[in-house]
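Containing compact mmCIF, C-alpha atoms and all ligand atoms: my_file29.txt.
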# COMPACT_ATOMS: atom_id res chain seq x y z
CA MET P 27 12.90 -7.11 -8.12
CA LEU P 28 9.40 -8.57 -7.97
CA ILE P 29 7.38 -5.67 -9.34
CA ASP P 30 9.16 -4.27 -12.33
CA ASN P 31 6.62 -3.16 -14.94
CA ASP P 32 2.97 -2.35 -15.66
CA LEU P 33 2.09 -6.00 -16.13
CA ASP P 34 3.49 -6.94 -12.70
CA GLU P 35 1.54 -4.07 -11.18
CA LEU P 36 -1.68 -5.24 -12.83
CA GLN P 37 -1.16 -8.76 -11.51
CA LYS P 38 -0.40 -7.42 -8.04
CA ARG P 39 -3.62 -5.41 -8.21
CA GLU P 40 -5.56 -8.49 -9.24
CA SER P 41 -4.32 -10.42 -6.24
CA ALA P 42 -5.31 -7.49 -4.03
CA LEU P 43 -8.82 -7.63 -5.46
CA THR P 44 -8.87 -11.37 -4.78
CA TYR P 45 -7.92 -10.75 -1.12
CA ILE P 46 -10.76 -8.23 -0.91
CA GLU P 47 -13.25 -10.63 -2.47
CA VAL P 48 -12.27 -13.49 -0.17
CA ARG P 49 -12.50 -11.31 2.93
CA LEU P 50 -15.85 -9.88 1.85
CA LYS P 51 -17.31 -13.37 1.53
CA LYS P 52 -15.89 -14.56 4.84
CA LYS P 53 -16.33 -11.53 7.05
CA GLY P 54 -18.51 -8.98 5.30
CA ARG P 55 -17.97 -5.38 4.20
CA HIS P 56 -17.69 -4.04 7.75
CA ASN P 57 -14.43 -5.97 8.14
CA LEU P 58 -12.79 -4.12 5.27
CA PHE P 59 -11.27 -0.71 5.90
CA ASP P 60 -10.68 1.40 2.83
CA LEU P 61 -8.18 4.02 3.99
CA THR P 62 -7.17 5.20 0.53
CA GLY P 63 -9.22 8.38 0.77
CA LEU P 64 -10.46 7.34 -2.69
CA SER P 65 -13.15 4.93 -1.66
CA GLY P 66 -15.80 6.64 -3.71
CA GLY P 67 -19.48 6.33 -3.07
CA PHE P 68 -22.79 6.30 -4.83
CA LEU P 69 -25.25 8.37 -2.88
CA LEU P 70 -28.15 7.95 -5.30
CA LYS P 71 -31.69 8.56 -4.20
CA LYS P 72 -34.33 5.93 -4.91
CA ASP P 73 -36.05 8.05 -7.53
CA ASP P 74 -32.75 8.51 -9.38
CA LEU P 75 -32.56 4.83 -10.28
CA GLU P 76 -35.23 4.87 -12.99
CA LEU P 77 -33.57 7.89 -14.63
CA LEU P 78 -30.24 6.23 -15.29
CA GLU P 79 -31.01 5.37 -18.91
CA THR P 80 -28.78 6.24 -21.85
CA TYR P 81 -30.59 9.44 -22.89
CA VAL P 82 -32.84 10.27 -19.97
CA GLY P 83 -29.89 10.12 -17.53
CA PRO P 84 -27.73 12.80 -19.15
CA ALA P 85 -30.85 14.93 -19.85
CA VAL P 86 -31.49 15.18 -16.11
CA PHE P 87 -28.06 14.93 -14.54
CA GLU P 88 -25.94 16.92 -17.01
CA LYS P 89 -28.02 19.98 -16.20
CA MET P 90 -27.68 19.39 -12.47
CA LEU P 91 -23.97 18.68 -12.80
CA ASP P 92 -23.55 22.00 -14.55
CA LYS P 93 -25.05 23.82 -11.57
CA TYR P 94 -23.36 21.93 -8.73
CA GLY P 95 -20.10 21.53 -10.65
CA LYS P 96 -19.85 25.30 -11.12
CA ASP P 97 -20.61 25.86 -7.43
CA HIS P 98 -17.73 23.53 -6.58
CA LEU P 99 -15.11 24.50 -9.15
CA GLY P 100 -16.21 27.80 -10.70
CA GLY P 101 -16.05 28.15 -14.50
CA GLU P 102 -18.60 28.82 -17.24
CA LYS P 103 -19.38 25.26 -18.25
CA VAL P 104 -18.97 21.77 -16.80
CA LEU P 105 -18.15 18.35 -18.24
CA GLY P 106 -18.10 14.87 -16.64
CA PHE P 107 -15.62 12.08 -17.47
CA ASN P 108 -15.15 8.42 -16.61
CA ARG P 109 -11.94 9.31 -14.84
CA THR P 110 -9.71 12.31 -14.32
CA SER P 111 -7.21 10.57 -16.61
CA ALA P 112 -9.92 10.47 -19.30
CA GLY P 113 -10.50 14.22 -18.93
CA ILE P 114 -6.75 14.89 -19.22
CA LEU P 115 -6.57 12.70 -22.32
CA ALA P 116 -9.58 14.42 -23.94
CA THR P 117 -8.08 17.85 -23.24
CA ILE P 118 -4.73 16.93 -24.78
CA LEU P 119 -6.41 15.31 -27.80
CA ALA P 120 -8.47 18.48 -28.32
CA LEU P 121 -5.89 21.21 -27.67
CA VAL P 122 -2.41 19.80 -28.33
CA LYS P 123 -0.97 19.36 -31.84
CA LYS P 124 1.83 17.02 -32.84
CA ASP P 125 5.30 18.57 -32.30
CA SER P 126 3.99 21.32 -30.00
CA THR P 127 4.93 21.27 -26.29
CA VAL P 128 2.94 20.52 -23.14
CA VAL P 129 4.47 22.18 -20.07
CA HIS P 130 3.60 20.78 -16.65
CA TYR P 131 4.39 22.42 -13.33
CA LEU P 132 3.84 20.50 -10.10
CA PRO P 133 4.90 20.98 -6.46
CA GLU P 134 6.94 17.80 -6.46
CA LEU P 135 7.75 15.05 -8.98
CA PRO P 136 6.59 12.49 -10.02
CA SER P 137 3.64 13.64 -12.07
CA HIS P 138 0.50 11.63 -12.60
CA PRO P 139 1.29 9.29 -15.52
CA SER P 140 -1.82 10.30 -17.50
CA ILE P 141 -0.21 13.64 -18.43
CA PRO P 142 3.05 12.42 -20.03
CA ARG P 143 1.29 9.39 -21.53
CA SER P 144 -1.45 11.43 -23.22
CA THR P 145 1.14 13.90 -24.51
CA LYS P 146 3.16 11.08 -26.03
CA LEU P 147 0.06 9.69 -27.69
CA VAL P 148 -0.45 12.86 -29.77
CA GLY P 149 3.26 13.08 -30.62
CA ALA P 150 3.92 16.28 -28.66
CA GLU P 151 6.93 17.23 -26.54
CA TYR P 152 6.59 17.10 -22.78
CA LEU P 153 8.38 19.28 -20.23
CA GLU P 154 7.83 19.02 -16.49
CA PHE P 155 9.14 21.18 -13.65
CA ASP P 156 8.91 21.13 -9.90
CA ARG P 157 11.19 24.12 -9.33
CA LEU P 158 10.23 27.65 -10.23
CA ASP P 159 13.83 28.49 -11.18
CA ASP P 160 13.73 25.92 -13.96
CA PHE P 161 10.27 26.78 -15.28
CA HIS P 162 10.07 28.21 -18.80
CA LEU P 163 7.68 28.16 -21.73
CA PRO P 164 9.01 27.23 -25.17
CA GLU P 165 7.63 29.20 -28.18
CA ASN P 166 5.55 26.23 -29.33
CA THR P 167 3.78 25.57 -26.01
CA SER P 168 0.20 24.47 -26.72
CA LEU P 169 -0.95 23.71 -23.17
CA VAL P 170 0.24 24.52 -19.65
CA ILE P 171 -0.80 22.23 -16.81
CA ILE P 172 -0.46 22.94 -13.11
CA THR P 173 -0.96 20.12 -10.62
CA GLY P 174 -2.57 21.67 -7.53
CA SER P 175 -1.91 18.72 -5.24
CA THR P 176 0.11 15.64 -6.20
CA MET P 177 -0.80 11.98 -5.78
CA ASP P 178 1.11 12.16 -2.47
CA HIS P 179 -0.89 15.25 -1.45
CA LYS P 180 1.96 17.68 -1.79
CA VAL P 181 0.22 21.01 -2.30
CA ILE P 182 1.50 23.86 -4.46
CA PRO P 183 2.18 27.14 -2.61
CA VAL P 184 -0.31 29.72 -3.82
CA GLU P 185 2.50 32.14 -4.76
CA GLU P 186 3.95 29.57 -7.20
CA PHE P 187 0.49 28.99 -8.65
CA GLN P 188 0.13 32.72 -9.29
CA ILE P 189 3.56 33.04 -10.90
CA ILE P 190 2.90 30.19 -13.36
CA ILE P 191 -0.46 31.72 -14.31
CA LYS P 192 1.13 35.13 -14.84
CA GLU P 193 4.01 33.75 -16.93
CA THR P 194 1.53 31.80 -19.06
CA HIS P 195 -0.73 34.79 -19.69
CA LYS P 196 2.11 37.08 -20.63
CA SER P 197 3.83 34.62 -23.01
CA SER P 198 3.44 35.56 -26.68
CA THR P 199 1.14 32.65 -27.59
CA SER P 200 -0.82 32.70 -24.31
CA PRO P 201 -1.66 28.95 -24.32
CA PRO P 202 -4.64 27.63 -22.34
CA LEU P 203 -3.89 26.65 -18.75
CA MET P 204 -5.41 23.59 -17.13
CA VAL P 205 -5.20 22.73 -13.44
CA ASP P 206 -5.10 19.07 -12.47
CA ASP P 207 -6.79 19.59 -9.11
CA ALA P 208 -7.70 15.89 -8.65
CA SER P 209 -7.53 16.13 -4.86
CA GLY P 210 -6.45 19.77 -4.80
CA ALA P 211 -9.88 21.23 -5.47
CA ARG P 212 -10.80 20.21 -1.91
CA LEU P 213 -7.41 19.87 -0.22
CA ARG P 214 -6.08 23.26 -1.29
CA THR P 215 -9.30 25.02 -0.40
CA ALA P 216 -10.62 23.17 2.70
CA ILE P 217 -7.28 22.63 4.50
CA PHE P 218 -4.86 25.15 3.01
CA LYS P 219 -7.50 27.88 2.59
CA GLN P 220 -6.32 28.68 -0.93
CA PRO P 221 -8.64 30.20 -3.55
CA SER P 222 -10.20 27.94 -6.20
CA ALA P 223 -8.15 27.36 -9.37
CA TRP P 224 -10.78 29.30 -11.33
CA ASP P 225 -10.40 32.32 -9.05
CA LEU P 226 -6.64 32.05 -9.47
CA GLY P 227 -7.09 32.42 -13.24
CA ALA P 228 -7.14 28.88 -14.67
CA ASP P 229 -8.92 28.28 -18.00
CA LEU P 230 -9.75 24.65 -17.19
CA ILE P 231 -9.90 22.69 -13.94
CA ILE P 232 -10.36 18.98 -13.47
CA THR P 233 -11.00 17.16 -10.20
CA SER P 234 -11.59 13.54 -9.15
CA THR P 235 -15.04 12.98 -7.68
CA ASP P 236 -13.83 10.13 -5.46
CA LYS P 237 -11.00 12.05 -3.79
CA LEU P 238 -11.97 13.59 -0.45
CA MET P 239 -15.61 13.34 -1.42
CA LYS P 240 -18.15 10.54 -1.64
CA GLY P 241 -18.59 10.31 -5.38
CA PRO P 242 -17.93 7.61 -7.95
CA ARG P 243 -14.51 7.48 -9.54
CA GLY P 244 -14.84 10.10 -12.23
CA GLY P 245 -13.44 13.36 -13.54
CA LEU P 246 -15.31 16.64 -13.15
CA MET P 247 -14.09 19.43 -15.41
CA ALA P 248 -15.06 23.11 -15.44
CA GLY P 249 -13.75 26.08 -17.35
CA LYS P 250 -14.16 28.41 -20.30
CA SER P 251 -17.11 27.49 -22.55
CA SER P 252 -15.16 27.65 -25.80
CA LEU P 253 -12.52 25.18 -24.57
CA ILE P 254 -15.02 22.89 -22.87
CA SER P 255 -17.00 22.57 -26.13
CA LYS P 256 -13.91 21.43 -28.05
CA ILE P 257 -12.97 18.95 -25.34
CA LYS P 258 -16.53 17.65 -25.14
CA SER P 259 -16.54 16.84 -28.82
CA LYS P 260 -13.28 14.85 -28.52
CA ALA P 261 -14.57 13.09 -25.41
CA HIS P 262 -17.61 11.85 -27.33
CA GLN P 263 -15.50 10.73 -30.29
CA TYR P 264 -13.33 8.55 -28.09
CA GLY P 265 -15.90 7.40 -25.52
CA LEU P 266 -14.35 9.24 -22.57
CA GLU P 267 -17.44 11.09 -21.29
CA ALA P 268 -19.26 10.05 -18.13
CA GLN P 269 -22.52 8.18 -18.60
CA GLY P 270 -25.80 8.78 -16.76
CA PRO P 271 -25.07 6.69 -13.65
CA ILE P 272 -21.70 8.39 -13.06
CA LEU P 273 -23.17 11.83 -13.67
CA ALA P 274 -25.92 11.10 -11.13
CA GLY P 275 -23.36 9.86 -8.58
CA MET P 276 -21.30 13.01 -9.07
CA VAL P 277 -24.29 15.29 -8.59
CA ARG P 278 -25.37 13.59 -5.34
CA ALA P 279 -21.79 13.63 -4.00
CA LEU P 280 -21.42 17.34 -4.74
CA GLN P 281 -24.69 18.02 -2.91
CA GLU P 282 -23.40 16.13 0.15
CA PHE P 283 -19.92 17.64 0.17
CA HIS P 284 -19.02 19.58 3.32
CA PRO P 285 -15.49 20.98 3.69
CA GLU P 286 -15.79 20.75 7.53
CA ASN P 287 -15.61 16.92 7.33
CA ILE P 288 -12.12 17.22 5.88
CA SER P 289 -10.82 19.76 8.36
CA GLY P 290 -12.25 17.66 11.25
CA SER P 291 -9.80 14.78 10.70
CA LEU P 292 -6.80 16.88 11.72
CA GLU P 293 -6.93 16.02 15.45
CA LYS P 294 -7.01 12.26 14.75
CA LYS P 295 -4.00 12.63 12.54
CA ARG P 296 -1.93 14.28 15.27
CA GLU P 297 -2.82 11.51 17.73
CA LEU P 298 -1.87 8.77 15.27
CA LEU P 299 1.44 10.46 14.48
CA ARG P 300 2.35 10.57 18.17
CA TYR P 301 1.96 6.77 18.32
CA LEU P 302 3.79 6.07 15.08
CA LYS P 303 6.79 8.22 15.99
CA ARG P 304 7.57 5.84 18.85
CA GLU P 305 8.23 2.98 16.44
CA TRP P 306 9.26 4.57 13.14
CA GLU P 307 11.05 7.68 11.97
CA GLY P 308 9.80 7.33 8.42
CA PHE P 309 6.12 8.23 8.90
CA LYS P 310 5.31 11.74 7.80
CA GLU P 311 2.23 13.84 8.11
CA THR P 312 0.06 14.46 5.04
CA PRO P 313 -2.75 17.03 4.90
CA THR P 314 -5.32 14.29 5.65
CA GLY P 315 -3.37 11.53 7.38
CA VAL P 316 0.05 9.89 7.47
CA MET P 317 2.38 8.28 4.96
CA ILE P 318 5.67 6.48 4.64
CA SER P 319 7.58 6.38 1.35
CA ALA P 320 9.07 3.25 -0.17
CA ALA P 321 12.58 4.60 0.47
CA ASP P 322 11.77 5.23 4.13
CA ILE P 323 10.34 1.73 4.54
CA ALA P 324 13.65 0.38 3.21
CA LEU P 325 15.53 2.57 5.70
CA GLU P 326 13.45 1.17 8.57
CA MET P 327 14.45 -2.34 7.40
CA ASP P 328 18.12 -1.32 7.30
CA LYS P 329 17.97 0.07 10.80
CA ARG P 330 16.74 -3.30 12.04
CA ASN P 331 19.52 -5.10 10.14
CA ILE P 332 17.12 -6.93 7.84
CA LYS P 333 18.84 -8.06 4.63
CA THR P 334 16.59 -8.32 1.60
CA SER P 335 16.98 -8.41 -2.17
CA LEU P 336 13.59 -6.69 -2.59
CA THR P 337 13.56 -3.14 -3.98
CA ASP P 338 12.14 -0.23 -2.00
CA ARG P 339 9.00 -0.37 -4.11
CA ASP P 340 8.61 -4.13 -3.62
CA LEU P 341 8.75 -3.56 0.14
CA ALA P 342 6.04 -0.89 0.01
CA PHE P 343 3.79 -3.09 -2.13
CA LEU P 344 4.43 -6.02 0.21
CA TRP P 345 3.56 -4.10 3.38
CA ALA P 346 0.38 -2.83 1.75
CA MET P 347 -0.54 -6.37 0.74
CA LEU P 348 0.09 -7.71 4.25
CA LEU P 349 -2.17 -4.99 5.64
CA LEU P 350 -4.87 -6.06 3.24
CA LYS P 351 -4.47 -9.79 3.63
CA GLY P 352 -4.24 -9.88 7.41
CA TYR P 353 -6.35 -6.94 8.54
CA GLY P 354 -8.56 -5.86 5.64
CA ILE P 355 -6.83 -2.48 5.38
CA ILE P 356 -7.00 -1.17 1.80
CA THR P 357 -4.27 1.23 0.67
CA ILE P 358 -3.13 2.46 -2.75
CA PRO P 359 0.08 0.41 -3.09
CA ALA P 360 -2.11 -2.71 -2.90
CA VAL P 361 -5.00 -1.76 -5.17
CA GLY P 362 -3.59 1.08 -7.30
CA MET P 363 -3.48 1.07 -11.09
CA PRO P 364 -0.07 0.68 -12.76
CA GLY P 365 1.95 3.84 -12.22
CA ALA P 366 0.21 4.73 -8.96
CA SER P 367 2.47 5.87 -6.13
CA PRO P 368 4.02 3.11 -3.93
CA THR P 369 3.90 5.45 -0.91
CA LEU P 370 1.91 3.83 1.90
CA ARG P 371 -0.67 6.43 2.78
CA ILE P 372 -3.38 6.27 5.46
CA ASP P 373 -6.13 8.79 4.88
CA LEU P 374 -8.13 9.68 7.98
CA THR P 375 -10.83 11.50 6.05
CA SER P 376 -11.90 8.11 4.64
CA ALA P 377 -15.35 7.02 5.82
CA ASP P 378 -13.93 3.67 7.00
CA ALA P 379 -11.34 5.43 9.20
CA GLN P 380 -14.26 6.23 11.55
CA LYS P 381 -14.68 2.48 12.22
CA LEU P 382 -11.11 2.05 13.53
CA GLY P 383 -9.74 3.55 16.72
CA ILE P 384 -6.39 5.28 16.51
CA GLU P 385 -4.86 2.79 18.97
CA GLU P 386 -6.17 -0.11 16.95
CA LEU P 387 -4.73 1.32 13.77
CA ASN P 388 -1.35 1.78 15.45
CA HIS P 389 -1.48 -1.83 16.64
CA ILE P 390 -2.29 -3.10 13.14
CA LEU P 391 0.59 -1.15 11.62
CA ARG P 392 3.05 -2.58 14.15
CA ASP P 393 1.79 -6.12 13.78
CA SER P 394 1.87 -6.07 9.99
CA PHE P 395 5.35 -4.51 10.04
CA LYS P 396 6.60 -7.43 12.13
CA LYS P 397 5.34 -9.74 9.40
CA LEU P 398 7.08 -7.63 6.80
CA LEU P 399 10.36 -8.03 8.70
CA GLN P 400 9.89 -11.80 8.68
CA ILE P 401 8.95 -12.15 5.02
CA ALA P 402 11.23 -9.59 3.36
CA PRO P 403 14.39 -11.76 3.45
CA SER P 404 12.62 -14.46 1.40
CA PRO P 405 11.73 -13.41 -2.17
CA GLN P 406 9.68 -16.61 -2.63
CA GLN P 407 7.47 -15.85 0.34
CA ALA P 408 7.13 -12.23 -0.72
CA GLU P 409 6.15 -13.30 -4.22
CA SER P 410 3.44 -15.64 -2.98
CA VAL P 411 1.89 -12.82 -0.92
CA LEU P 412 2.07 -10.31 -3.77
CA PHE P 413 0.80 -12.57 -6.52
CA LYS P 414 -1.70 -14.84 -4.86
CA GLY P 415 -4.50 -15.93 -7.13
CA SER P 416 -3.33 -14.09 -10.23
CA GLU P 417 -3.19 -16.42 -13.20
CA ASN P 418 -0.50 -16.65 -15.87
CA ARG P 419 2.44 -15.81 -13.77
C1 LIG E 501 -5.79 10.74 -8.88
C2 LIG E 501 -5.11 11.68 -9.76
C3 LIG E 501 -5.31 11.66 -11.15
C4 LIG E 501 -6.13 10.60 -11.88
O1 LIG E 501 -7.38 10.23 -11.39
P1 LIG E 501 -8.05 8.89 -11.99
O2 LIG E 501 -9.43 8.90 -11.50
O3 LIG E 501 -7.25 7.75 -11.46
O4 LIG E 501 -7.95 8.94 -13.46
C5 LIG E 501 -4.65 12.61 -11.90
N1 LIG E 501 -3.86 13.53 -11.34
C6 LIG E 501 -3.62 13.59 -10.00
C7 LIG E 501 -2.75 14.65 -9.44
C8 LIG E 501 -4.23 12.65 -9.18
O5 LIG E 501 -4.00 12.70 -7.85

So that I can check it, write out the structure of this file as structure tokens.
Amino acid sequence: MLIDNDLDELQKRESALTYIEVRLKKKGRHNLFDLTGLSGGFLLKKDDLELLETYVGPAVFEKMLDKYGKDHLGGEKVLGFNRTSAGILATILALVKKDSTVVHYLPELPSHPSIPRSTKLVGAEYLEFDRLDDFHLPENTSLVIITGSTMDHKVIPVEEFQIIIKETHKSSTSPPLMVDDASGARLRTAIFKQPSAWDLGADLIITSTDKLMKGPRGGLMAGKSSLISKIKSKAHQYGLEAQGPILAGMVRALQEFHPENISGSLEKKRELLRYLKREWEGFKETPTGVMISAADIALEMDKRNIKTSLTDRDLAFLWAMLLLKGYGIITIPAVGMPGASPTLRIDLTSADAQKLGIEELNHILRDSFKKLLQIAPSPQQAESVLFKGSENR
């Protein structure tokens, strides 16, 4: 096992950033292809730049964020965070007491780590469900969270969403309900044609402004004024709120967001899948591209009689790193934060996906997979690819 804990994952991420830096210097930005679907963006206008100061920035852009944020998510009031994880933490700090229970329903485990981690931090109990039959609310529930679309883009059926909302509202304590709609706010609506979380009855919604839109990494929250005010106060106490430059980036990204750009990638996805199916069984369709899980990568190795002591996760991280090192393809298993999913996902709504033909992408996947087959039997070789340039190992 090469990647076993958070520290290993951080070091792996650092080597990925080193590969990116080296390639940037040698070949330039146009030879890097960020296919994470999370590439972010900073669409500031020239006149925005002189407004990015500590107090002037929020004075201008908080107001604008309130308008465009409500257009995007609904709600009565809007709040910007450094990250979605920061917004989840602020909400739990503000609304959840020690020894109460946070209940989380999601279409498929695992949940984003920020939810259980933040719950643990305040000393509350945590219950998570991905099956309606199991779902229940203990007496002392202080917050209910629904994940609209998981890290792997598994989307909740709208019927399940409605049932959780109804159960929450009719429970005796009627706790607030937050929707973690990090990618869901766009995926559920633009591709699955579901209503917004606000229209479905959520009290709070948070979304990531770099997922399926060209904003900076940040968390945009909307919801009931009374709750937002409490959360805002906590956010300021702990330094979790977005600063002027992030607020400005969010506003400009919201102005440029067009749902048609997301739905337009569907045809490319079908074409790519046709190619991939010839070589691998493990690739599956996602709403915005294709993916292969760590377990399925291991199965593909088995089928080709490759013996390796690497774990499924190691293999996924290694393939992602080979894609980055050899071809400049950036995916989450290479650059993700500790706890991020090891599933190798190619997102065709990414701006950089436009620079690569589908045939070329297929070729790169095959070529890099051949390298994976060669390296996987040797843990030493695998280690040197995964941990290049990270100190203290
Ligand atoms: C991406 C994501 C988050 C966290 O976003 P960060 O910007 O990394 O903090 C939380 N929940 C879900 C479901 C996500 O997909």

Would you tabulate, counting all atoms listed in the file, all residues of chain P that have an atom at most 6 Å from an atom of ligand LIG 501 (chain E), showing the closest pair of atoms and their distance in Å to one decimal, sorted by chain then ascending number, as a tab-separated table?
residue	atom	partner	partner_atom	distance
P:Arg109	CA	E:LIG501	O2	4.2
P:Thr110	CA	E:LIG501	O4	3.9
P:Ser111	CA	E:LIG501	O4	3.6
P:His138	CA	E:LIG501	N1	4.9
P:Thr173	CA	E:LIG501	C7	5.9
P:Ser175	CA	E:LIG501	C7	5.9
P:Thr176	CA	E:LIG501	C7	4.4
P:Met177	CA	E:LIG501	O5	3.9
P:Asp206	CA	E:LIG501	N1	5.8
P:Ala208	CA	E:LIG501	C8	4.8
P:Ser209	CA	E:LIG501	O5	5.8
P:Ser234	CA	E:LIG501	O2	5.6
P:Arg243	CA	E:LIG501	O2	5.6
P:Gly244	CA	E:LIG501	O2	5.6

Q) In Å to one decimal, how far is CA of Ile172 in chain P from CA of Ile191 in chain P? A) 8.9 Å

(Q) For Leu75 in chain P, find every residue with an atom within 12 Å (counting only C-alpha atoms), except residues of its own chain fewer than 4 positions away, and show them as a ChimeraX atom specification. (A) /P:68-71,79,82-83,86-87,270-272,274-275

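Nearest to Glu385 in chain P of all the residues P:Leu158, P:Ile356, P:Leu302, P:Ala408 is P:Leu302, based on all atoms listed in the file.
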
Q: Have a look at P:Ile182, P:Leu292, P:Val277, P:Ala120 and name the one nearest to Met239 in chain P; count only C-alpha atoms.
A: P:Val277
